[in-house]
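Okay, structure first, notes after.
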Amino acid sequence: QGAALRARPAPHPLVHLPAFAGAHAPAAMSDKGSEAEEITDLSNPDVTTKYRSAGDIVQKALQAVVEACVPDADICDLCGLGDKIMEEETGKLYNKKGKDGKKIEKGIAFPTCVSVNEVLGHFSPMKGESVTLKAGDVAKIDLACHLDGYIAAAGHTIVIGGDTVDDRRADVIMAAWHAAEAALRLIQPGNTNTQVTEAFGKIAADFNCKPVQGVLSHQLKKHVIDGNK
């Protein structure tokens, strides 16, 4: 039997900080062998602040998009709403030049996407390609912004219209929710991303679902949203 589920009125996004922040060597600020090095992991308080500030911004944008996801809403407009909030909010921060005298880069790291039902993800359409939401649709929302290259991403899944569902939609949503909860507990020093992937498989099987092939956890670095580890 399907697991009963009611769409929540407010999102509880998973904001992704680097799982392996200390695993990569810091990048040198100068090609001339300067003693000063840029510390790009969470041991640097400035880096931590930028990640947290970016996380606050994506949560604000995500909240707004979730609230706007109602029957007959146009997906292009919803994506534009999320992108606008990320642009405006990042534009309020770090407007002074950095220590190297250069302007600090900031803004959208991944455009707002609203992917419905069988569409897995990355649906951020132009106006002529857009569709409208219908009651009962399962909408996956994801987006990301950055401050100085430090990226925060967030995502949330809702049932349009807020109805209770007890069919296969409930099964797949609950599988994803439990998988996210497991990941939060497993991503810690000493563990590997393989352990997270294995947990995803076991949880999906409990709900008679299958993880999407090729969609795994990955490294997150400065200016790199999808690392090679």
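So you can find residues: chains in the structure tokens are A, B, ... in the order shown, residues in each start at 1, and ligands are numbered from 1 in order.
Non-sequential neighbours of Leu78 of chain A (distance at most 8 Å, separation of 6 or more positions within a chain, only C-alpha atoms) are Val65, Ala68, Cys69 and Val114 of chain A.
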Which of segment 2-228 of chain A counts as helix (DSSP H, G or I) under DSSP, as number ranges by chain please? A: 45-68, 75-91, 127-129, 168-186, 193-206
Find the spatial neighbours of Gly80 of chain A, counting only C-alpha atoms, within a cut-off of 9 Å - ignore same-chain residues fewer than 5 positions away - and output them as a list in words. Ile75, Ile85, Pro111, Thr112 and Ser124 of chain A
Spatial neighbours of segment 199-203 of chain A, max dist 9 Å, only C-alpha atoms, sep filter under 3 positions, as a PyMOL selection string: chain A and resi 175-176+178-180+182-183+186+194-196+206-211
Just C-alpha atoms for this one: save the residues we selected as a PDB file, in the first residue's frame.
```
ATOM      1  CA  ALA A 175      11.513   7.396  -0.289  1.00  0.00           C
ATOM      2  CA  ALA A 176      13.235  10.641  -1.278  1.00  0.00           C
ATOM      3  CA  HIS A 178      13.908   9.319   4.094  1.00  0.00           C
ATOM      4  CA  ALA A 179      16.941   9.179   1.799  1.00  0.00           C
ATOM      5  CA  ALA A 180      17.637  12.865   2.483  1.00  0.00           C
ATOM      6  CA  ALA A 182      19.777   9.369   5.989  1.00  0.00           C
ATOM      7  CA  ALA A 183      22.240  11.487   4.010  1.00  0.00           C
ATOM      8  CA  LEU A 186      25.826   9.823   7.094  1.00  0.00           C
ATOM      9  CA  THR A 194      29.494   5.283  -1.289  1.00  0.00           C
ATOM     10  CA  GLN A 195      27.835   4.695   2.076  1.00  0.00           C
ATOM     11  CA  VAL A 196      25.299   7.382   1.229  1.00  0.00           C
ATOM     12  CA  ASP A 206      11.674  -0.352   1.132  1.00  0.00           C
ATOM     13  CA  PHE A 207       9.198   1.784  -0.845  1.00  0.00           C
ATOM     14  CA  ASN A 208       9.430  -0.406  -3.967  1.00  0.00           C
ATOM     15  CA  CYS A 209      11.181   2.419  -5.829  1.00  0.00           C
ATOM     16  CA  LYS A 210      14.486   2.689  -7.677  1.00  0.00           C
ATOM     17  CA  PRO A 211      17.121   5.436  -7.372  1.00  0.00           C
TER      18      PRO A 211
END
```
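The interatomic distance for the pair atom CA of Glu88 of chain A and atom CA of Cys145 of chain A works out to 11.1 Å.
For the atom pair formed by atom CA of Asp166 of chain A and atom CA of Asp142 of chain A, the distance is 24.1 Å, given to one decimal.
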Using only C-alpha atoms, I'd like a table of the residues in segment 76-187 of chain A that come within 8 Å of segment 50-53 of chain A; for each, show the closest atom pair and its distance in Å rounded to one decimal, ordered by chain and ascending number, as CSV.
```
residue,atom,partner,partner_atom,distance
A:His146,CA,A:Tyr51,CA,7.8
A:Leu147,CA,A:Lys50,CA,5.9
A:Asp148,CA,A:Lys50,CA,7.6
A:Tyr150,CA,A:Tyr51,CA,5.8
A:Ile151,CA,A:Tyr51,CA,6.5
A:Ala152,CA,A:Tyr51,CA,6.2
```
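Between atom CA of Trp177 of chain A and atom CA of Asp56 of chain A the interatomic distance comes to 21.0 Å.
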Using DSSP on the backbone coordinates, identify the residues of segment 48-215 of chain A assigned to strand (DSSP E or B); present them as an mmCIF file with N, CA, C and O atoms, in the first residue's frame.
```
data_model
loop_
_atom_site.group_PDB
_atom_site.id
_atom_site.type_symbol
_atom_site.label_atom_id
_atom_site.label_comp_id
_atom_site.auth_asym_id
_atom_site.auth_seq_id
_atom_site.Cartn_x
_atom_site.Cartn_y
_atom_site.Cartn_z
ATOM 1 N N ASP A 74 2.330 29.252 -14.081
ATOM 2 C CA ASP A 74 3.207 29.004 -15.223
ATOM 3 C C ASP A 74 4.623 28.723 -14.727
ATOM 4 O O ASP A 74 5.181 29.499 -13.941
ATOM 5 N N LYS A 106 29.211 36.889 -7.704
ATOM 6 C CA LYS A 106 28.082 36.378 -6.927
ATOM 7 C C LYS A 106 26.872 36.304 -7.836
ATOM 8 O O LYS A 106 26.857 36.874 -8.927
ATOM 9 N N GLY A 107 25.847 35.587 -7.389
ATOM 10 C CA GLY A 107 24.630 35.498 -8.172
ATOM 11 C C GLY A 107 24.113 34.074 -8.260
ATOM 12 O O GLY A 107 24.283 33.277 -7.341
ATOM 13 N N ILE A 108 23.488 33.753 -9.376
ATOM 14 C CA ILE A 108 22.882 32.437 -9.579
ATOM 15 C C ILE A 108 23.968 31.415 -9.905
ATOM 16 O O ILE A 108 24.778 31.615 -10.798
ATOM 17 N N ALA A 109 23.977 30.315 -9.146
ATOM 18 C CA ALA A 109 24.901 29.219 -9.440
ATOM 19 C C ALA A 109 24.222 28.125 -10.244
ATOM 20 O O ALA A 109 24.875 27.404 -11.005
ATOM 21 N N PHE A 110 22.912 28.001 -10.076
ATOM 22 C CA PHE A 110 22.109 27.051 -10.845
ATOM 23 C C PHE A 110 20.712 27.635 -10.942
ATOM 24 O O PHE A 110 20.114 27.978 -9.924
ATOM 25 N N PRO A 111 20.183 27.795 -12.149
ATOM 26 C CA PRO A 111 18.888 28.469 -12.286
ATOM 27 C C PRO A 111 17.756 27.694 -11.626
ATOM 28 O O PRO A 111 17.814 26.466 -11.502
ATOM 29 N N THR A 112 16.735 28.398 -11.223
ATOM 30 C CA THR A 112 15.567 27.762 -10.622
ATOM 31 C C THR A 112 14.925 26.800 -11.624
ATOM 32 O O THR A 112 14.692 27.160 -12.772
ATOM 33 N N CYS A 113 14.656 25.596 -11.165
ATOM 34 C CA CYS A 113 14.011 24.581 -11.998
ATOM 35 C C CYS A 113 12.772 24.050 -11.287
ATOM 36 O O CYS A 113 12.801 23.829 -10.074
ATOM 37 N N VAL A 114 11.712 23.863 -12.034
ATOM 38 C CA VAL A 114 10.494 23.246 -11.516
ATOM 39 C C VAL A 114 10.143 22.105 -12.462
ATOM 40 O O VAL A 114 9.677 22.326 -13.578
ATOM 41 N N SER A 115 10.410 20.892 -12.027
ATOM 42 C CA SER A 115 10.250 19.712 -12.873
ATOM 43 C C SER A 115 9.072 18.891 -12.362
ATOM 44 O O SER A 115 9.002 18.568 -11.176
ATOM 45 N N VAL A 116 8.159 18.560 -13.252
ATOM 46 C CA VAL A 116 6.875 17.989 -12.850
ATOM 47 C C VAL A 116 6.759 16.516 -13.260
ATOM 48 O O VAL A 116 7.106 16.137 -14.386
ATOM 49 N N THR A 132 1.830 24.801 -17.537
ATOM 50 C CA THR A 132 1.244 25.227 -16.267
ATOM 51 C C THR A 132 1.058 24.023 -15.349
ATOM 52 O O THR A 132 0.945 22.882 -15.799
ATOM 53 N N VAL A 138 3.241 16.329 -9.091
ATOM 54 C CA VAL A 138 4.383 16.289 -8.172
ATOM 55 C C VAL A 138 5.459 17.203 -8.754
ATOM 56 O O VAL A 138 5.978 16.938 -9.849
ATOM 57 N N ALA A 139 5.760 18.277 -8.063
ATOM 58 C CA ALA A 139 6.714 19.271 -8.559
ATOM 59 C C ALA A 139 7.994 19.230 -7.745
ATOM 60 O O ALA A 139 7.957 19.318 -6.510
ATOM 61 N N LYS A 140 9.120 19.066 -8.448
ATOM 62 C CA LYS A 140 10.432 19.103 -7.809
ATOM 63 C C LYS A 140 11.078 20.453 -8.087
ATOM 64 O O LYS A 140 11.271 20.812 -9.244
ATOM 65 N N ILE A 141 11.401 21.189 -7.050
ATOM 66 C CA ILE A 141 11.972 22.533 -7.188
ATOM 67 C C ILE A 141 13.424 22.487 -6.730
ATOM 68 O O ILE A 141 13.720 21.951 -5.657
ATOM 69 N N ASP A 142 14.339 23.011 -7.529
ATOM 70 C CA ASP A 142 15.722 23.121 -7.073
ATOM 71 C C ASP A 142 16.359 24.373 -7.654
ATOM 72 O O ASP A 142 15.978 24.851 -8.721
ATOM 73 N N LEU A 143 17.316 24.902 -6.911
ATOM 74 C CA LEU A 143 17.989 26.147 -7.288
ATOM 75 C C LEU A 143 19.271 26.283 -6.480
ATOM 76 O O LEU A 143 19.479 25.573 -5.498
ATOM 77 N N ALA A 144 20.145 27.199 -6.896
ATOM 78 C CA ALA A 144 21.398 27.428 -6.173
ATOM 79 C C ALA A 144 21.920 28.823 -6.471
ATOM 80 O O ALA A 144 21.755 29.343 -7.581
ATOM 81 N N CYS A 145 22.572 29.422 -5.477
ATOM 82 C CA CYS A 145 23.249 30.707 -5.681
ATOM 83 C C CYS A 145 24.645 30.617 -5.077
ATOM 84 O O CYS A 145 24.993 29.634 -4.411
ATOM 85 N N HIS A 146 25.461 31.640 -5.332
ATOM 86 C CA HIS A 146 26.810 31.643 -4.767
ATOM 87 C C HIS A 146 27.225 33.044 -4.365
ATOM 88 O O HIS A 146 26.724 34.051 -4.886
ATOM 89 N N LEU A 147 28.136 33.098 -3.431
ATOM 90 C CA LEU A 147 28.805 34.324 -3.014
ATOM 91 C C LEU A 147 30.303 34.065 -3.100
ATOM 92 O O LEU A 147 30.815 33.179 -2.402
ATOM 93 N N TYR A 150 31.246 30.422 -3.570
ATOM 94 C CA TYR A 150 30.834 29.441 -2.565
ATOM 95 C C TYR A 150 29.334 29.196 -2.709
ATOM 96 O O TYR A 150 28.518 30.088 -2.503
ATOM 97 N N ILE A 151 28.982 27.979 -3.074
ATOM 98 C CA ILE A 151 27.649 27.655 -3.568
ATOM 99 C C ILE A 151 26.785 27.002 -2.503
ATOM 100 O O ILE A 151 27.223 26.104 -1.778
ATOM 101 N N ALA A 152 25.534 27.434 -2.425
ATOM 102 C CA ALA A 152 24.518 26.758 -1.613
ATOM 103 C C ALA A 152 23.369 26.373 -2.535
ATOM 104 O O ALA A 152 22.919 27.186 -3.347
ATOM 105 N N ALA A 153 22.922 25.136 -2.425
ATOM 106 C CA ALA A 153 21.816 24.641 -3.249
ATOM 107 C C ALA A 153 20.710 24.135 -2.345
ATOM 108 O O ALA A 153 20.962 23.686 -1.223
ATOM 109 N N ALA A 154 19.484 24.207 -2.831
ATOM 110 C CA ALA A 154 18.341 23.727 -2.045
ATOM 111 C C ALA A 154 17.304 23.138 -2.978
ATOM 112 O O ALA A 154 17.214 23.515 -4.150
ATOM 113 N N GLY A 155 16.522 22.207 -2.446
ATOM 114 C CA GLY A 155 15.462 21.611 -3.244
ATOM 115 C C GLY A 155 14.310 21.170 -2.356
ATOM 116 O O GLY A 155 14.473 20.954 -1.157
ATOM 117 N N HIS A 156 13.150 21.032 -2.965
ATOM 118 C CA HIS A 156 11.961 20.610 -2.227
ATOM 119 C C HIS A 156 10.961 20.013 -3.210
ATOM 120 O O HIS A 156 10.920 20.417 -4.382
ATOM 121 N N THR A 157 10.195 19.052 -2.744
ATOM 122 C CA THR A 157 9.176 18.403 -3.567
ATOM 123 C C THR A 157 7.811 18.606 -2.937
ATOM 124 O O THR A 157 7.655 18.416 -1.726
ATOM 125 N N ILE A 158 6.841 18.994 -3.748
ATOM 126 C CA ILE A 158 5.489 19.217 -3.236
ATOM 127 C C ILE A 158 4.459 18.590 -4.171
ATOM 128 O O ILE A 158 4.734 18.332 -5.335
ATOM 129 N N VAL A 159 3.266 18.350 -3.613
ATOM 130 C CA VAL A 159 2.116 17.947 -4.414
ATOM 131 C C VAL A 159 1.263 19.185 -4.624
ATOM 132 O O VAL A 159 0.826 19.824 -3.658
ATOM 133 N N THR A 164 -3.937 15.192 0.029
ATOM 134 C CA THR A 164 -3.306 13.986 0.545
ATOM 135 C C THR A 164 -3.251 12.947 -0.568
ATOM 136 O O THR A 164 -4.236 12.730 -1.275
ATOM 137 N N VAL A 165 -2.099 12.322 -0.736
ATOM 138 C CA VAL A 165 -1.963 11.274 -1.746
ATOM 139 C C VAL A 165 -1.540 9.981 -1.063
ATOM 140 O O VAL A 165 -0.754 9.992 -0.109
#
```
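Among the candidate residues A:Leu184, A:Ala73, A:Ile57, A:Ala170, the one lying nearest to Leu133 of chain A is A:Ala73, with distances computed using only C-alpha atoms.
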